[in-house]
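Colleague: Got a structure for you, written out below as structure tokens; questions coming shortly.
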Amino acid sequence: MAESTSTGARADLVGVSYVMPVLNDVTHVRAAVDSLLNQDYAGPFEVAIAVGPSIDGTNELVDELSRADPRIRVLSNPVGSTPAGLNIAIQATRYPVVVRVDAHSVLPPDYARIAVEAIERTGADNVGGIMDAQGTTPFERAVARAYGSRVGLGGTPHHVGGAEGPADTVYLGVFRREPLERVGMFDERIKRGQDWELNRRIRSAGGIVWFTPELKVTYRPRPSFSALARQFFSTGMWRGELTRRFPTANTLRYFAPPVMVVGVGLGALLGLVGVVQAATGNPTVLLLGWLIPALYLLLVLAAAGIVARRDGIRSQLWFLVVLPCIHFCWGVGFVPGFLSLASNISALKNERTGGTSVGRVD
């Protein structure tokens, strides 16, 4: 019979370290932490929460959680960024398996157990699954539906699912500590897309990144249009930066949103010129420019009717706004990122704020 530790965990099972960066997430962090404490994995574990300089009561809440359970450790993340918080938490923990957790995520009870089994079965350095976005309001449900559809985020396996096997990247990630530390952990210069970049280094070092649809993590989307717009502008900007730095065979698909933005914008501009000319009695072929935004509008309408029909009329109406917000903000942000402005903007922001951020960790 297996031995047990003083906490009741089985000593013959590999230990697990949950690492979570948190910043201004008082609404969601308790549910995220509870999902860790309720895992059915029988091995020993610890929870490390790296807290940025929050202003919404997050610090007080995580301190309360730590006092209630000695397995939870709270660490200071003065920079406030996701990669910095993850590295702080990783360095402060000790178990051989590192589980990356997001404050907006809720892990299913069997998450750690399935992930550890997959690591041991495949020999992978990182295992992950699907970001299962779930909203509670009509707006959030529209965002969640866009996340999980091919028309929204392009249909990558960690958004829409797929067959188990090697992958370029996965959602969150459950890592073997030794190769994670060997490749240098997270690059703190990259504020978004740091998971993809880390997985690139793991694969370059000969490691395996493994996707399994058995790992499905509930994710809570942004609750407002403005928050969604900021998220995807920043995401697009950093994707542009990473595409410029690390071109791959899949690079071309990242240009689809900015090409769409340019096409729709140029078509509308030409159409407006055509309207002016027609108003002066000079009909022109420039009126055909309206075909491009019209075709995009038909795409959005069709997507709302097909993809979002299961969520009710209010969510369908929000979907008509959410989908263009994702596409346009991502596409507009990609351009300055590709032009090497993402890192410059980030550095300027850190300089103005003294190295901290008041936004949510992503």
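Every chain in the structure tokens takes a letter, A first, then B, and so on in the order presented; its residues are numbered from 1, and the ligands are numbered from 1 following the presented order.
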Write down as a list in words the residues of stretch 74-128 of chain A whose backbone DSSP state falls under strand (DSSP E).

Modeller: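 So, restricting stretch 74-128 of chain A to strand (DSSP E), we get Val74, Leu75, Ser76, Val97, Val98, Val99, Arg100, Ser105, Val106, Asn126, Val127 and Gly128 of chain A.
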
Colleague: Generate the output file for the selected residues, N, CA and C atoms, as an mmCIF file, in the first residue's frame.

Modeller:
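That gives us out.cif:
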data_model
loop_
_atom_site.group_PDB
_atom_site.id
_atom_site.type_symbol
_atom_site.label_atom_id
_atom_site.label_comp_id
_atom_site.auth_asym_id
_atom_site.auth_seq_id
_atom_site.Cartn_x
_atom_site.Cartn_y
_atom_site.Cartn_z
ATOM 1 N N VAL A 74 1.347 33.080 -1.004
ATOM 2 C CA VAL A 74 1.177 34.328 -1.750
ATOM 3 C C VAL A 74 2.531 34.996 -1.910
ATOM 4 N N LEU A 75 2.838 35.393 -3.141
ATOM 5 C CA LEU A 75 4.112 36.021 -3.470
ATOM 6 C C LEU A 75 3.862 37.380 -4.115
ATOM 7 N N SER A 76 4.781 38.286 -3.956
ATOM 8 C CA SER A 76 4.655 39.621 -4.540
ATOM 9 C C SER A 76 5.222 39.624 -5.956
ATOM 10 N N VAL A 97 6.230 18.633 -11.194
ATOM 11 C CA VAL A 97 5.250 19.006 -12.213
ATOM 12 C C VAL A 97 4.708 20.391 -11.891
ATOM 13 N N VAL A 98 4.714 21.274 -12.891
ATOM 14 C CA VAL A 98 4.264 22.658 -12.721
ATOM 15 C C VAL A 98 2.995 22.862 -13.555
ATOM 16 N N VAL A 99 1.917 23.257 -12.895
ATOM 17 C CA VAL A 99 0.641 23.482 -13.566
ATOM 18 C C VAL A 99 0.400 24.982 -13.658
ATOM 19 N N ARG A 100 0.361 25.504 -14.874
ATOM 20 C CA ARG A 100 0.117 26.930 -15.098
ATOM 21 C C ARG A 100 -1.383 27.187 -15.037
ATOM 22 N N SER A 105 -9.584 31.066 -15.019
ATOM 23 C CA SER A 105 -9.852 29.682 -15.383
ATOM 24 C C SER A 105 -10.339 28.881 -14.179
ATOM 25 N N VAL A 106 -11.145 27.885 -14.486
ATOM 26 C CA VAL A 106 -11.621 26.946 -13.459
ATOM 27 C C VAL A 106 -11.271 25.542 -13.941
ATOM 28 N N ASN A 126 5.403 19.322 -21.944
ATOM 29 C CA ASN A 126 4.260 20.176 -21.633
ATOM 30 C C ASN A 126 3.012 19.534 -22.204
ATOM 31 N N VAL A 127 1.975 19.483 -21.397
ATOM 32 C CA VAL A 127 0.690 18.912 -21.806
ATOM 33 C C VAL A 127 -0.397 19.942 -21.548
ATOM 34 N N GLY A 128 -1.320 20.073 -22.480
ATOM 35 C CA GLY A 128 -2.435 21.001 -22.287
ATOM 36 C C GLY A 128 -3.607 20.618 -23.155
#

Colleague: Please provide as a PyMOL selection string all residues within 12 Å of A:Thr218, with the sequence filter that same-chain residues fewer than 2 positions apart are discarded (counting only C-alpha atoms).

Modeller: chain A and resi 28+31-32+35+101-109+111+129-136+144+148+159+171-172+215-216+220-221

Colleague: Print the selection's residues with C-alpha atoms to a file, as a PDB file, in the first residue's frame.

Modeller:
ATOM      1  CA  HIS A  28     -12.647  35.336 -10.259  1.00  0.00           C
ATOM      2  CA  ALA A  31     -13.242  30.149  -7.934  1.00  0.00           C
ATOM      3  CA  ALA A  32      -9.889  29.509  -9.610  1.00  0.00           C
ATOM      4  CA  SER A  35     -10.820  24.445  -8.378  1.00  0.00           C
ATOM      5  CA  VAL A 101      -3.190  28.410 -13.938  1.00  0.00           C
ATOM      6  CA  ASP A 102      -5.048  31.541 -15.033  1.00  0.00           C
ATOM      7  CA  ALA A 103      -7.109  33.547 -12.562  1.00  0.00           C
ATOM      8  CA  HIS A 104     -10.018  33.467 -15.049  1.00  0.00           C
ATOM      9  CA  SER A 105      -9.852  29.682 -15.383  1.00  0.00           C
ATOM     10  CA  VAL A 106     -11.621  26.946 -13.459  1.00  0.00           C
ATOM     11  CA  LEU A 107      -9.926  23.548 -13.646  1.00  0.00           C
ATOM     12  CA  PRO A 108     -12.142  20.448 -13.705  1.00  0.00           C
ATOM     13  CA  PRO A 109     -11.538  18.076 -10.762  1.00  0.00           C
ATOM     14  CA  TYR A 111      -7.364  18.046 -14.591  1.00  0.00           C
ATOM     15  CA  GLY A 129      -5.909  21.032 -23.714  1.00  0.00           C
ATOM     16  CA  ILE A 130      -8.857  23.225 -24.567  1.00  0.00           C
ATOM     17  CA  MET A 131      -9.821  26.692 -23.372  1.00  0.00           C
ATOM     18  CA  ASP A 132     -13.557  26.137 -22.868  1.00  0.00           C
ATOM     19  CA  ALA A 133     -14.898  29.697 -22.722  1.00  0.00           C
ATOM     20  CA  GLN A 134     -18.184  29.933 -20.785  1.00  0.00           C
ATOM     21  CA  GLY A 135     -20.095  33.166 -20.244  1.00  0.00           C
ATOM     22  CA  THR A 136     -22.809  34.019 -17.743  1.00  0.00           C
ATOM     23  CA  ALA A 144     -17.373  32.635 -25.516  1.00  0.00           C
ATOM     24  CA  GLY A 148     -14.781  28.519 -29.595  1.00  0.00           C
ATOM     25  CA  HIS A 159      -9.941  26.613 -28.890  1.00  0.00           C
ATOM     26  CA  TYR A 171      -3.835  26.314 -23.478  1.00  0.00           C
ATOM     27  CA  LEU A 172      -2.160  27.007 -20.125  1.00  0.00           C
ATOM     28  CA  LEU A 215      -8.082  18.527 -20.623  1.00  0.00           C
ATOM     29  CA  LYS A 216     -10.829  21.119 -20.883  1.00  0.00           C
ATOM     30  CA  ARG A 220     -14.448  33.326 -18.095  1.00  0.00           C
ATOM     31  CA  PRO A 221     -14.427  35.909 -20.940  1.00  0.00           C
TER      32      PRO A 221
END

Colleague: Between A:Ala268, A:Ala142, A:Ala227, A:Ile90, which has the minimum distance to A:Gly184 (counting only C-alpha atoms)?

Modeller: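 Checking each candidate against A:Gly184, we get A:Ile90 as the closest.
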
Colleague: Hey, what does DSSP flag as alpha helix (DSSP H) within stretch 22-221 of chain A? Can you give it to me as an MDAnalysis selection string?

Modeller: chainID A and resid 29:37 58:68 82:92 111:122 138:147 150:153 157:160 177:182 194:204

Colleague: When distances are computed from only C-alpha atoms, which of A:Phe233, A:Gly240, A:Phe334, A:Leu65 shows the smallest separation from A:Asp34?

Modeller: A:Leu65

Colleague: Find the residues near stretch 175-178 of chain A: any atom within 12 Å, counting only C-alpha atoms, skip ones fewer than 3 places away on the same chain, and give them as a short mmCIF file (atom, residue, chain, number, x, y, z; two decimals) with N, CA, C and O atoms, in the first residue's frame.

Modeller:
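To be explicit, this is the file written out as around.cif:
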data_model
loop_
_atom_site.label_atom_id
_atom_site.label_comp_id
_atom_site.auth_asym_id
_atom_site.auth_seq_id
_atom_site.Cartn_x
_atom_site.Cartn_y
_atom_site.Cartn_z
N VAL A 14 3.87 11.73 -8.02
CA VAL A 14 4.67 12.93 -8.23
C VAL A 14 3.94 14.16 -7.68
O VAL A 14 2.72 14.28 -7.77
N GLY A 15 4.70 15.07 -7.07
CA GLY A 15 4.10 16.28 -6.53
C GLY A 15 3.81 17.30 -7.62
O GLY A 15 4.48 17.35 -8.66
N VAL A 16 2.81 18.13 -7.37
CA VAL A 16 2.34 19.11 -8.35
C VAL A 16 2.38 20.51 -7.75
O VAL A 16 1.90 20.72 -6.62
N SER A 17 2.93 21.47 -8.49
CA SER A 17 2.95 22.87 -8.08
C SER A 17 2.05 23.68 -9.01
O SER A 17 2.29 23.75 -10.21
N TYR A 18 0.98 24.26 -8.44
CA TYR A 18 0.11 25.13 -9.22
C TYR A 18 0.65 26.56 -9.13
O TYR A 18 0.87 27.07 -8.02
N VAL A 19 0.85 27.21 -10.26
CA VAL A 19 1.38 28.58 -10.27
C VAL A 19 0.37 29.49 -10.97
O VAL A 19 -0.11 29.20 -12.05
N ASN A 87 7.07 33.27 -13.48
CA ASN A 87 8.45 32.93 -13.12
C ASN A 87 8.69 33.02 -11.62
O ASN A 87 9.38 32.19 -11.03
N ILE A 90 7.05 29.93 -10.13
CA ILE A 90 7.80 28.70 -10.46
C ILE A 90 9.04 28.60 -9.59
O ILE A 90 9.35 27.53 -9.03
N GLN A 91 9.76 29.70 -9.46
CA GLN A 91 11.00 29.69 -8.68
C GLN A 91 10.76 29.46 -7.19
O GLN A 91 11.64 28.98 -6.48
N THR A 93 8.43 27.42 -5.97
CA THR A 93 7.83 26.11 -5.72
C THR A 93 8.87 25.01 -5.95
O THR A 93 9.97 25.26 -6.43
N ARG A 94 8.47 23.76 -5.63
CA ARG A 94 9.48 22.70 -5.61
C ARG A 94 9.10 21.40 -6.30
O ARG A 94 9.98 20.57 -6.58
N TYR A 95 7.84 21.17 -6.59
CA TYR A 95 7.46 19.85 -7.10
C TYR A 95 7.83 19.66 -8.58
O TYR A 95 7.97 20.63 -9.32
N PRO A 96 7.99 18.40 -9.01
CA PRO A 96 8.49 18.11 -10.37
C PRO A 96 7.52 18.50 -11.50
O PRO A 96 7.94 18.62 -12.64
N VAL A 97 6.23 18.63 -11.19
CA VAL A 97 5.25 19.01 -12.21
C VAL A 97 4.71 20.39 -11.89
O VAL A 97 4.29 20.65 -10.75
N VAL A 98 4.71 21.27 -12.89
CA VAL A 98 4.26 22.66 -12.72
C VAL A 98 2.99 22.86 -13.55
O VAL A 98 3.01 22.66 -14.77
N VAL A 99 1.92 23.26 -12.89
CA VAL A 99 0.64 23.48 -13.57
C VAL A 99 0.40 24.98 -13.66
O VAL A 99 0.24 25.66 -12.64
N ARG A 100 0.36 25.50 -14.87
CA ARG A 100 0.12 26.93 -15.10
C ARG A 100 -1.38 27.19 -15.04
O ARG A 100 -2.17 26.54 -15.72
N VAL A 101 -1.78 28.12 -14.18
CA VAL A 101 -3.19 28.41 -13.94
C VAL A 101 -3.46 29.89 -14.23
O VAL A 101 -2.62 30.74 -13.94
N ALA A 112 -5.48 17.74 -13.06
CA ALA A 112 -4.10 17.38 -12.72
C ALA A 112 -3.85 15.90 -12.92
O ALA A 112 -2.78 15.49 -13.41
N ALA A 115 -3.51 15.18 -16.61
CA ALA A 115 -2.30 15.79 -17.15
C ALA A 115 -1.06 15.00 -16.75
O ALA A 115 -0.17 14.76 -17.57
N VAL A 116 -0.97 14.60 -15.48
CA VAL A 116 0.20 13.84 -15.01
C VAL A 116 0.25 12.50 -15.72
O VAL A 116 1.32 12.03 -16.15
N ALA A 118 -0.86 11.86 -18.69
CA ALA A 118 -0.46 12.11 -20.07
C ALA A 118 1.04 12.36 -20.18
O ALA A 118 1.70 11.90 -21.11
N ILE A 119 1.60 13.11 -19.21
CA ILE A 119 3.04 13.35 -19.20
C ILE A 119 3.81 12.04 -19.07
O ILE A 119 4.78 11.79 -19.79
N GLU A 120 3.38 11.20 -18.15
CA GLU A 120 4.08 9.94 -17.93
C GLU A 120 3.90 8.98 -19.10
O GLU A 120 4.81 8.22 -19.44
N THR A 122 3.33 9.88 -22.39
CA THR A 122 3.89 10.38 -23.65
C THR A 122 5.33 10.85 -23.54
O THR A 122 6.01 10.97 -24.55
N GLY A 123 5.80 11.12 -22.32
CA GLY A 123 7.12 11.70 -22.16
C GLY A 123 7.19 13.16 -22.56
O GLY A 123 8.28 13.72 -22.73
N ALA A 124 6.05 13.81 -22.69
CA ALA A 124 6.00 15.21 -23.12
C ALA A 124 6.56 16.13 -22.04
O ALA A 124 6.50 15.83 -20.84
N ASP A 125 7.09 17.27 -22.48
CA ASP A 125 7.57 18.29 -21.55
C ASP A 125 6.44 19.23 -21.13
O ASP A 125 6.53 19.88 -20.08
N ASN A 126 5.40 19.32 -21.94
CA ASN A 126 4.26 20.18 -21.63
C ASN A 126 3.01 19.53 -22.20
O ASN A 126 3.00 19.09 -23.36
N VAL A 127 1.97 19.48 -21.40
CA VAL A 127 0.69 18.91 -21.81
C VAL A 127 -0.40 19.94 -21.55
O VAL A 127 -0.40 20.62 -20.51
N GLY A 128 -1.32 20.07 -22.48
CA GLY A 128 -2.43 21.00 -22.29
C GLY A 128 -3.61 20.62 -23.15
O GLY A 128 -3.53 19.67 -23.95
N VAL A 170 -0.41 24.85 -26.55
CA VAL A 170 -1.62 24.38 -25.88
C VAL A 170 -2.08 25.46 -24.91
O VAL A 170 -1.34 26.39 -24.60
N TYR A 171 -3.31 25.34 -24.45
CA TYR A 171 -3.83 26.31 -23.48
C TYR A 171 -3.25 26.03 -22.10
O TYR A 171 -3.20 24.89 -21.64
N LEU A 172 -2.81 27.09 -21.43
CA LEU A 172 -2.16 27.01 -20.13
C LEU A 172 -0.94 26.09 -20.21
O LEU A 172 0.09 26.49 -20.73
N GLU A 181 12.71 24.68 -16.66
CA GLU A 181 13.78 25.53 -16.14
C GLU A 181 14.97 25.56 -17.09
O GLU A 181 15.65 26.59 -17.23
N ARG A 182 15.21 24.46 -17.77
CA ARG A 182 16.37 24.39 -18.67
C ARG A 182 16.24 25.36 -19.85
O ARG A 182 17.23 25.95 -20.28
N VAL A 183 15.02 25.57 -20.36
CA VAL A 183 14.86 26.48 -21.50
C VAL A 183 14.69 27.93 -21.06
O VAL A 183 14.57 28.83 -21.89
N GLY A 184 14.68 28.18 -19.74
CA GLY A 184 14.65 29.55 -19.27
C GLY A 184 13.30 30.07 -18.82
O GLY A 184 13.14 31.28 -18.62
N MET A 185 12.31 29.17 -18.68
CA MET A 185 10.96 29.56 -18.24
C MET A 185 10.36 30.61 -19.17
O MET A 185 10.62 30.60 -20.36
N ASP A 195 3.02 32.00 -23.80
CA ASP A 195 2.87 30.54 -23.81
C ASP A 195 3.37 29.97 -25.13
O ASP A 195 4.11 28.98 -25.15
N LEU A 198 7.21 30.21 -25.32
CA LEU A 198 7.86 29.20 -24.48
C LEU A 198 7.77 27.83 -25.12
O LEU A 198 8.75 27.07 -25.16
N ASN A 199 6.60 27.49 -25.65
CA ASN A 199 6.45 26.20 -26.30
C ASN A 199 7.34 26.09 -27.54
O ASN A 199 7.83 25.00 -27.87
N ILE A 202 10.67 25.09 -26.16
CA ILE A 202 10.64 23.69 -25.72
C ILE A 202 10.79 22.76 -26.92
O ILE A 202 11.57 21.80 -26.90
N GLY A 207 12.02 18.96 -27.11
CA GLY A 207 10.93 18.50 -26.26
C GLY A 207 9.63 18.36 -27.02
O GLY A 207 9.50 18.79 -28.18
N ILE A 208 8.66 17.77 -26.37
CA ILE A 208 7.33 17.54 -26.97
C ILE A 208 6.29 18.37 -26.24
O ILE A 208 6.22 18.37 -25.01
N VAL A 209 5.49 19.10 -27.00
CA VAL A 209 4.31 19.78 -26.50
C VAL A 209 3.12 18.93 -26.94
O VAL A 209 2.94 18.69 -28.14
N TRP A 210 2.30 18.50 -25.98
CA TRP A 210 1.28 17.49 -26.27
C TRP A 210 -0.11 18.06 -26.01
O TRP A 210 -0.39 18.58 -24.93
#

Colleague: Which residues, written as a tab-separated table (two decimals) with all heavy atoms, in the first residue's frame, have at least one atom at most 7 Å from stretch 290-292 of chain A, with only C-alpha atoms counted and residues fewer than 6 positions away on the same chain left out?

Modeller:
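Just written: around-v3.tsv:
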chain	number	residue	atom	x	y	z
A	263	GLY	N	-8.66	45.57	-46.22
A	263	GLY	CA	-9.60	45.38	-47.32
A	263	GLY	C	-10.93	46.08	-47.07
A	263	GLY	O	-11.44	46.80	-47.93
A	264	VAL	N	-11.48	45.88	-45.86
A	264	VAL	CA	-12.76	46.52	-45.54
A	264	VAL	C	-12.61	48.03	-45.49
A	264	VAL	O	-13.45	48.78	-46.01
A	264	VAL	CB	-13.30	45.99	-44.19
A	264	VAL	CG1	-14.51	46.80	-43.74
A	264	VAL	CG2	-13.68	44.52	-44.32
A	267	GLY	N	-12.06	49.34	-49.05
A	267	GLY	CA	-13.30	49.23	-49.81
A	267	GLY	C	-14.29	50.31	-49.42
A	267	GLY	O	-14.94	50.92	-50.28
A	268	ALA	N	-14.43	50.57	-48.10
A	268	ALA	CA	-15.35	51.62	-47.65
A	268	ALA	C	-14.89	52.99	-48.12
A	268	ALA	O	-15.71	53.83	-48.51
A	268	ALA	CB	-15.44	51.58	-46.12
A	271	GLY	N	-15.60	53.28	-51.73
A	271	GLY	CA	-17.05	53.42	-51.90
A	271	GLY	C	-17.54	54.82	-51.58
A	271	GLY	O	-18.41	55.36	-52.27

Colleague: Find, counting only C-alpha atoms, the residue in A:Ala205, A:Ala146, A:Ile114, A:Ala163 that gets nearest to A:Arg309.

Modeller: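 Of all the options, A:Ala146 lies closest to A:Arg309.
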
Colleague: Taking 4 positions as the minimum chain separation for residues in the same chain, which residues sit within 10 Å of stretch 51-60 of chain A when counting only C-alpha atoms? Answer as a ChimeraX atom specification.

Modeller: /A:20-30,64-66,74-82,84-85,88-89,356-361

Colleague: Using the selection just defined, write its residues with N, CA, C and O atoms as a compact mmCIF listing (two decimals), in the first residue's frame.

Modeller:
# COMPACT_ATOMS: atom_id res chain seq x y z
N MET A 20 0.04 30.61 -10.32
CA MET A 20 -1.01 31.49 -10.82
C MET A 20 -0.60 32.96 -10.67
O MET A 20 -0.38 33.42 -9.55
N PRO A 21 -0.51 33.71 -11.76
CA PRO A 21 -0.32 35.16 -11.66
C PRO A 21 -1.68 35.85 -11.54
O PRO A 21 -2.63 35.46 -12.22
N VAL A 22 -1.77 36.83 -10.67
CA VAL A 22 -3.06 37.50 -10.43
C VAL A 22 -2.85 39.00 -10.36
O VAL A 22 -1.88 39.48 -9.74
N LEU A 23 -3.75 39.74 -10.99
CA LEU A 23 -3.74 41.20 -10.91
C LEU A 23 -5.15 41.71 -11.11
O LEU A 23 -5.76 41.46 -12.15
N ASN A 24 -5.69 42.41 -10.12
CA ASN A 24 -7.05 42.97 -10.22
C ASN A 24 -8.07 41.93 -10.67
O ASN A 24 -8.80 42.12 -11.64
N ASP A 25 -8.13 40.81 -9.96
CA ASP A 25 -9.04 39.72 -10.33
C ASP A 25 -9.85 39.24 -9.14
O ASP A 25 -10.09 38.04 -8.98
N VAL A 26 -10.30 40.16 -8.32
CA VAL A 26 -11.02 39.77 -7.11
C VAL A 26 -12.30 39.00 -7.42
O VAL A 26 -12.75 38.18 -6.62
N THR A 27 -12.88 39.23 -8.59
CA THR A 27 -14.14 38.57 -8.95
C THR A 27 -13.96 37.09 -9.23
O THR A 27 -14.86 36.29 -8.95
N HIS A 28 -12.80 36.70 -9.77
CA HIS A 28 -12.65 35.34 -10.26
C HIS A 28 -11.66 34.47 -9.48
O HIS A 28 -11.70 33.25 -9.60
N VAL A 29 -10.77 35.08 -8.72
CA VAL A 29 -9.65 34.31 -8.18
C VAL A 29 -10.09 33.24 -7.18
O VAL A 29 -9.49 32.16 -7.12
N ARG A 30 -11.13 33.49 -6.40
CA ARG A 30 -11.57 32.47 -5.44
C ARG A 30 -12.02 31.20 -6.14
O ARG A 30 -11.65 30.09 -5.72
N GLU A 64 -6.31 36.16 2.53
CA GLU A 64 -7.32 35.41 3.30
C GLU A 64 -7.31 33.94 2.91
O GLU A 64 -7.37 33.05 3.79
N LEU A 65 -7.20 33.65 1.61
CA LEU A 65 -7.16 32.26 1.15
C LEU A 65 -5.91 31.55 1.68
O LEU A 65 -5.97 30.37 2.05
N SER A 66 -4.80 32.27 1.71
CA SER A 66 -3.55 31.69 2.20
C SER A 66 -3.63 31.36 3.69
O SER A 66 -3.13 30.31 4.14
N VAL A 74 1.35 33.08 -1.00
CA VAL A 74 1.18 34.33 -1.75
C VAL A 74 2.53 35.00 -1.91
O VAL A 74 3.28 35.17 -0.94
N LEU A 75 2.84 35.39 -3.14
CA LEU A 75 4.11 36.02 -3.47
C LEU A 75 3.86 37.38 -4.12
O LEU A 75 2.83 37.59 -4.76
N SER A 76 4.78 38.29 -3.96
CA SER A 76 4.66 39.62 -4.54
C SER A 76 5.22 39.62 -5.96
O SER A 76 6.31 39.12 -6.21
N ASN A 77 4.44 40.19 -6.87
CA ASN A 77 4.87 40.37 -8.27
C ASN A 77 4.86 41.86 -8.57
O ASN A 77 3.89 42.39 -9.11
N PRO A 78 5.91 42.60 -8.20
CA PRO A 78 5.90 44.06 -8.35
C PRO A 78 5.77 44.53 -9.79
O PRO A 78 5.24 45.61 -10.06
N VAL A 79 6.25 43.74 -10.75
CA VAL A 79 6.12 44.13 -12.16
C VAL A 79 4.67 44.07 -12.60
O VAL A 79 4.19 44.90 -13.36
N GLY A 80 3.95 43.06 -12.13
CA GLY A 80 2.53 42.94 -12.43
C GLY A 80 2.20 42.16 -13.67
O GLY A 80 1.03 41.85 -13.91
N SER A 81 3.18 41.80 -14.51
CA SER A 81 2.89 41.12 -15.77
C SER A 81 2.73 39.62 -15.55
O SER A 81 3.20 39.06 -14.56
N THR A 82 2.08 38.97 -16.52
CA THR A 82 1.88 37.53 -16.45
C THR A 82 3.18 36.74 -16.43
O THR A 82 3.39 35.90 -15.55
N ALA A 84 6.22 37.57 -15.63
CA ALA A 84 6.98 37.81 -14.40
C ALA A 84 6.36 37.06 -13.23
O ALA A 84 7.06 36.43 -12.43
N GLY A 85 5.03 37.12 -13.12
CA GLY A 85 4.35 36.41 -12.04
C GLY A 85 4.54 34.91 -12.12
O GLY A 85 4.75 34.23 -11.10
N ILE A 88 8.12 34.05 -10.98
CA ILE A 88 8.24 34.18 -9.53
C ILE A 88 7.64 32.96 -8.83
O ILE A 88 8.23 32.40 -7.90
N ALA A 89 6.47 32.54 -9.29
CA ALA A 89 5.79 31.40 -8.66
C ALA A 89 6.55 30.10 -8.93
O ALA A 89 6.67 29.25 -8.03
N THR A 356 5.08 48.87 -13.19
CA THR A 356 3.87 48.15 -12.79
C THR A 356 2.78 48.39 -13.80
O THR A 356 2.88 49.20 -14.69
N SER A 357 1.70 47.65 -13.63
CA SER A 357 0.54 47.78 -14.51
C SER A 357 -0.71 47.74 -13.66
O SER A 357 -0.76 47.06 -12.66
N VAL A 358 -1.71 48.46 -14.10
CA VAL A 358 -2.97 48.45 -13.34
C VAL A 358 -4.04 47.65 -14.06
O VAL A 358 -5.16 47.56 -13.62
N GLY A 359 -3.70 47.06 -15.18
CA GLY A 359 -4.66 46.24 -15.91
C GLY A 359 -4.64 44.82 -15.43
O GLY A 359 -3.81 44.41 -14.62
N ARG A 360 -5.55 44.01 -15.98
CA ARG A 360 -5.62 42.59 -15.58
C ARG A 360 -4.45 41.83 -16.17
O ARG A 360 -4.01 42.05 -17.28
N VAL A 361 -3.94 40.88 -15.42
CA VAL A 361 -2.91 39.97 -15.93
C VAL A 361 -3.54 39.08 -16.97
O VAL A 361 -4.61 38.53 -16.80

Colleague: Quick one: of A:Val262, A:Val332, A:Thr137, A:Gly289, who's nearest to A:Val275, counting only C-alpha atoms?

Modeller: A:Gly289

Colleague: Name the closest residue to A:Tyr254 among the candidates A:Cys329, A:Val151, A:Val273, A:Leu242; distances are taken between atoms, counting only C-alpha atoms.

Modeller: A:Leu242

Colleague: Could you pull the residues within 12 Å of A:Leu320, counting only C-alpha atoms, minus those fewer than 5 positions along the same chain, as a list of chain:residue names?

Modeller: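 The contact residues come out as A:Phe139, A:Ala142, A:Val143, A:Arg145, A:Ala146, A:Gly152, A:Tyr296, A:Leu297, A:Leu298, A:Leu299, A:Val300, A:Leu301, A:Ala302, A:Ala303, A:Ala304, A:Gly305, A:Ile306, A:Val307, A:Ala308, A:Arg309, A:Ile313, A:Arg314, A:Ser315, A:Cys325, A:Ile326, A:His327.
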